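Only one structure is covered here, and it is reproduced in the block below.
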Amino acid sequence: MRRRNDGTVERWNVNRGLWLLGVFLSIIPTFHLSAQTFEQRLLAVPDTASVRQMSRDLSAVPHMAGTPAQATTRDYVIDRMKSWGIDAWSKEYTIYLPQPDTVAAWFIPPRGAPQRLSLAEPGTGPQIPPFNGYTGDGDATADVVYVNYGLIEDYKTLDSLGISVKGKIAIARYGRSFRGIKAREAQKRGAVGLIVYSDPLEDGYFRGDVYPKGPMRNADGIQRGSMMNGNGDPTTPAWSSVEGARRVPEDSLDIPKIPIIPMSYGNARRFLEPMAGPAVPQSWQGALPFHYHVGPGPGRARLHVKTERGARAFHKIWNTVGMIRGSRWPDEWVVVGGHRDAWGPGARDNVSGTVSVLETARAFAALARDGQKPARTVVFATWDAEEWGLIGSTEWVEELEDTLRARVVAYLNEDGTFSGPTFGGSGSPSLKPLLRAATRVVPDPVGPGTVYDVWLKAHNGDTTELTMGNLGGGSDFSGFYHHLGIPAGGIGFDGPDGIYHSMYDSYDWMTRFGDPGYKAHRAGAQLVAVIMGRLANSDLLPLDYAAFGTEMNGLVAQLDSGISKKQWTQSVNTQPLKDALDRFTAVARAFGTERDNSVRASAVDSARAQRVNQALMLVERRLTRPDGLVSRPWFKSLQFAADIDNGYATMAFPTVNEAIRYADAAAANRELGDLVNRIDQARAALVEAAAALR
Ligand SMILES: [Zn+2]
C-alpha cells in the first residue's frame with residue numbers, strides 16, 4: 001500500500017517538474033509567472049520574531065473555553081487580523097460547558113485518617129482546576145481496581161482474573177484510546193468513580209528527563225481533557241447552538257454520570273503501590289518502581305466532584321473568522337483553522353496552531369495590501385471549545401452546512417503540532433500529494449535543506465517511508481471531513497513532550513524544549529501558506545484522485561482481514577469494492593493526464609476551470625451519505641471515521657468495518673453494495689470534470 005501510494009506521489013512530482021519546465025519554455029504566461037511570484041512572496045513573510053511574540057502573548061494566561069480569558073484571546077486575534085487589513089469578526093454560541101465547583105480526592109489507608117491529595121501543579125502561576133470536561137458529579141468512596149488502559153479488552157482480562165469494578169473506583173492509565181472511551185467502559189461495568197492518570201511509561205521519566213530539567217511529564221503533571229465521546233454541544237447533537245436553538249434535556253445527555261478525576265503519577269502511586277490482589281499481566285505493568293497489582297484495596301479512594309448544572313452550566317464561546325476575498329473565484333473558499341482554547345497556558349496545544357493560522361493570515365494580508373489577492377477566497381478561523389469536544393468548529397459547520405458544502409475547496413487544520421523538529425502530516429489521500437509537494441519548497445527548521453530533504457534523510461532516503469496519516473477523531477477537521485465530505489488535512493512539527501493538557505504546556509516549556517528559536521513555528525506557517533496558496537491560485541484544483549483511489553484500494557485489505565477472522569470468506573466478498581476503486585482510479589489517472597496537458601498548454605479559461613473544479617469538489621462529497629454511519633449518524637463520510645471503541649484510531653470504510661465488527665454478514669454485504677454505488681457516483685463526478693475540461 002505504501003509503495004503504490006508513493007509511486008503516485010513521485011509521478012506527481014515529475015509532473016510538477018515538467019510543468020515548471022513548460023512554464024519556462026513557453027512564452028511564460030503571465031498568470032503562472034505571477035503564481036510563482038505569489039508563492040515566493042508568501043514564503044518571505046513568516047518571521048520568527050512575529051510568531052514568538054504571538055506565542056508569548058496568547059500563552060500568557062490559561063484560557064479554558066467558557067472563561068473570560070477566552071474573550072481576551074478572541075479580541076487579540078481579531079485585533080491582529082484587522083491591523084493587517086483582514087475582514088474579521090467573531091461568532092458567538094451558547095454551549096453546555098459545566099465548569100467545576102469542587103474537585104477533591106483522598107487516599108484512605110487501611111488504618112488511619114483519610115489523606116487529602118494535593119492536585120496542584122506547582123510553579124506554574126494561575127491554574128485551571130484539575131478536572132475532566134463533562135465528568136459526572138458525585139462523592140464516591142470505594143476500593144480501587146487497576147484496569148490498565150481501561151479498554152474493552154482490558155475488562156475481558158479482568159473478568160478472567162475474577163475481578164470486577166462494580167461498586168469500585170477504577171484507576172486507568174492514559175494512552176491507547178481517547179479518554180472518553182475509558183469513562184464509557186468503566187461506567188458501563190458499574191464503577192462508581194474513575195481516576196485517570198499519566199503513567200511515567202507513557203510520557204514521564206521513562207521517556208526522558210522531566211520538566212523543568214527536560215520536556216517530559218514530572219510527578220505533578222496532570223492531563224486534563226474531555227470525557228465526552230460525541231462532537232459538538234451535547235445539548236444540540238445534530239444542529240447548531242444558535243440563539244433560540246432547541247436543547248436536549250440535561251438528564252438525557254450522552255456524557256458520563258460518575259465522578260472522574262485526572263491525576264499525576266505522583267498521586268496515582270499512592271493507590272497503586274500498596275495495592276493487593278492478583279499481580280498484573282506483564283503488558284499491564286507501567287514504569288512506577290514496583291510490580292503492579294489489580295487490587296482491590298486495601299487502600300480506598302474518595303472522589304468528590306461537583307460541576308455546574310442547569311442554567312449555570314451554559315457559557316458563551318467565540319470562534320473568530322477572518323477572510324480575504326478571492327479576485328477571480330470569490331465563491332470558492334480555502335479554509336484554515338486551529339482551536340484557540342486550551343487546558344492551561346497552552347503554548348503547544350493550541351497556541352502554536354493558532355499562531356500558524358495567524359502568521360499565514362499575515363502573509364496573505366501583506367500580499368493583498370500590495371494588490372496581490374488570491375484567486376479564491378481564503379478564510380482564517382480560530383475555534384473555541386475544541387478541547388471539550390470540537391465544539392466551536394462543529395457548531396459553525398452545523399450552522400453553515402449548506403454554504404460550506406457549496407463553497408469550501410479544502411480545509412486545513414492546525415492543532416498543537418509545533419513542539420519539535422520532526423515533520424508530520426495527515427489528511428485525505430486526495431490532499432497528501434499537495435502537502436508533500438509543499439515540503440519541497442520550505443526550508444527545514446533545523447536543516448540542511450528543505451523540509452522534504454530532512455524528512456527523506458530521516459528515512460534513509462527511502463521514499464516509501466514518507467507516509468502521512470489518515471484522519472480519525474480528535475480535532476476540528478471532523479466537521480468538514482467526516483460530516484460534510486470536504487477534503488481536509490494538516491501539517492506539523494513534533495518532538496518529545498510530556499506536557500499535554502497540563503499547566504506545564506507554557507511559553508517557558510516552548511522556549512526551553514519545544515521550539516526555542518521558533519523556527520518550527522515559522523516553517524509551519526510557510527507550509528500552510530504554500531498549501532493554501534496553491535489551493536487558492538491553481539486554475540485547476542490540486543486534488544489528486546489517482547492517489548486517493550490507489551490508497552483507498554490498499555486499505556481494502558483491512559476489511560479482508562476482518563472478514564477472514566470472522567470466517568466469512570464464502571459469504572462476503574470485497575472484490576466488487578476493489579473493482580469500483582480500480583475504475584475510479586483509472587478515470588482519475590486519465591483526468592490527471594488531461595489536466596496536466598491543459599495546464600501545460602495554458603488552455604483553460606476561467607469559466608471552464610470553474611466547471612471542472614465544481615465537479616472535482618463533488619468527488620468526496622459523494623462519498624458521504626445523508627444517514628451517516630449506523631452507529632453514529634453525524635459521521636457521514638464513508639472514507640474514514642474515528643474508531644468507535646478507541647476514539648483516536650482511524651477506521652477506513654467505517655460502514656463496512658462496523659458491520660464486520662458487529663458480526664452481521666448481511667449488513668456487511670449491504671454496506672459493501674452501498675459503498676460501491678457511491679464510489680461509482682464519485683467516479684461520475686470525475687467523468688464530469690474531464691468532460692468540462694475538453
Ligand atoms: Zn488541541
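By convention in this document, the chains of the C-alpha cells carry letters A, B, ... by their order, each chain's residues are numbered from 1, and ligands are numbered from 1 in the order they are shown.
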### Those in range 126-327 of chain A with strand (DSSP E or B) from DSSP, as a ChimeraX atom specification
/A:132-133,136,138-146,169-173,193-197,210,216,225-226,259-263,279,293,300-307,314-324
Dump the neighbourhood of ligand 1 as a short mmCIF file (atom, residue, chain, number, x, y, z; two decimals) with N, CA and C atoms, in the first residue's frame: all residues within 8 Å, distances computed on only C-alpha atoms and all ligand atoms.
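selection_20.cif was written with the following content:
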data_model
loop_
_atom_site.label_atom_id
_atom_site.label_comp_id
_atom_site.auth_asym_id
_atom_site.auth_seq_id
_atom_site.Cartn_x
_atom_site.Cartn_y
_atom_site.Cartn_z
N HIS A 339 -7.74 25.50 16.90
CA HIS A 339 -8.52 25.89 18.08
C HIS A 339 -7.76 26.85 18.96
N ALA A 342 -7.64 26.21 25.45
CA ALA A 342 -6.59 25.33 25.98
C ALA A 342 -6.97 24.90 27.39
N ASP A 349 -0.51 23.35 22.74
CA ASP A 349 -1.88 22.94 22.40
C ASP A 349 -2.86 23.98 22.90
N ASN A 350 -3.31 25.00 22.14
CA ASN A 350 -3.01 25.10 20.75
C ASN A 350 -2.64 26.53 20.37
N GLU A 386 -12.70 23.56 21.40
CA GLU A 386 -12.30 22.30 20.75
C GLU A 386 -12.04 21.25 21.80
N GLU A 387 -11.39 21.71 22.90
CA GLU A 387 -10.94 20.76 23.91
C GLU A 387 -12.10 20.04 24.61
N ASP A 415 -3.39 21.95 14.74
CA ASP A 415 -3.67 21.69 16.15
C ASP A 415 -2.47 21.13 16.90
N GLY A 416 -1.90 21.97 17.77
CA GLY A 416 -0.93 21.51 18.77
C GLY A 416 0.31 20.83 18.26
N SER A 475 -9.86 16.22 16.28
CA SER A 475 -9.68 17.66 16.10
C SER A 475 -10.70 18.22 15.12
#
### Message
Could you check the closest approach to Gly392 in chain A for each of A:Phe477, A:Phe38, A:Tyr211, A:Tyr76 and tell me which residue wins, using only C-alpha atoms?
### Response
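Residue with the minimum atom-to-atom distance to Gly392 in chain A: A:Phe477.
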### Message
Between CA of Tyr545 in chain A and CA of Ala458 in chain A, what is the distance in Å, rounded to a tenth?
### Response
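Atom-to-atom, CA of Tyr545 in chain A to CA of Ala458 in chain A, that is 28.0 Å.
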### Query
Do you know which residues are at most 10 Å from Ser118 in chain A counting only C-alpha atoms, after dropping those on the same chain fewer than 2 positions away, and could you put them as a ChimeraX atom specification?
/A:104-106,115-116,120-122,220,263,266-267
### Task
Please run DSSP on the backbone and report, as number ranges by chain, all residues within range 333-485 of chain A that come out as alpha helix (DSSP H).
A: 353-369, 391-399, 401-407, 432-439, 451-458, 477-478
### Message
Given only C-alpha atoms as the basis, pick out the residue of A:Gly474, A:Pro237, A:Pro68, A:Gly133 nearest to Gln223 in chain A.
### Response
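Among the listed residues, A:Gly133 lies closest to Gln223 in chain A.
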### Query
Hey, what's within 10 Å of range 330-334 of chain A if we count only C-alpha atoms and toss same-chain stuff fewer than 4 positions away? As an MDAnalysis selection string, please?
chainID A and resid 323:326 374:380 403:404 406:412 531:536 610 613:614 617
### Message
From the options A:Ser241, A:Trp634, A:Arg189, A:Tyr662, which residue's atoms come nearest to His315 in chain A, counting only C-alpha atoms?
### Response
A:Ser241
Hey, could you make a per-residue contact list for range 376-421 of chain A against range 491-508 of chain A with 7 Å as the cut-off, showing the nearest pair of atoms and its distance in Å to one decimal, counting only C-alpha atoms, sorted by chain and number, as JSON lines?
{"residue": "A:Glu414", "atom": "CA", "partner": "A:Ile491", "partner_atom": "CA", "distance": 6.9}
{"residue": "A:Thr417", "atom": "CA", "partner": "A:Gly492", "partner_atom": "CA", "distance": 4.7}
{"residue": "A:Phe418", "atom": "CA", "partner": "A:Phe493", "partner_atom": "CA", "distance": 4.8}
{"residue": "A:Ser419", "atom": "CA", "partner": "A:Asp494", "partner_atom": "CA", "distance": 4.9}
{"residue": "A:Gly420", "atom": "CA", "partner": "A:Gly495", "partner_atom": "CA", "distance": 3.9}
{"residue": "A:Pro421", "atom": "CA", "partner": "A:Phe493", "partner_atom": "CA", "distance": 5.5}
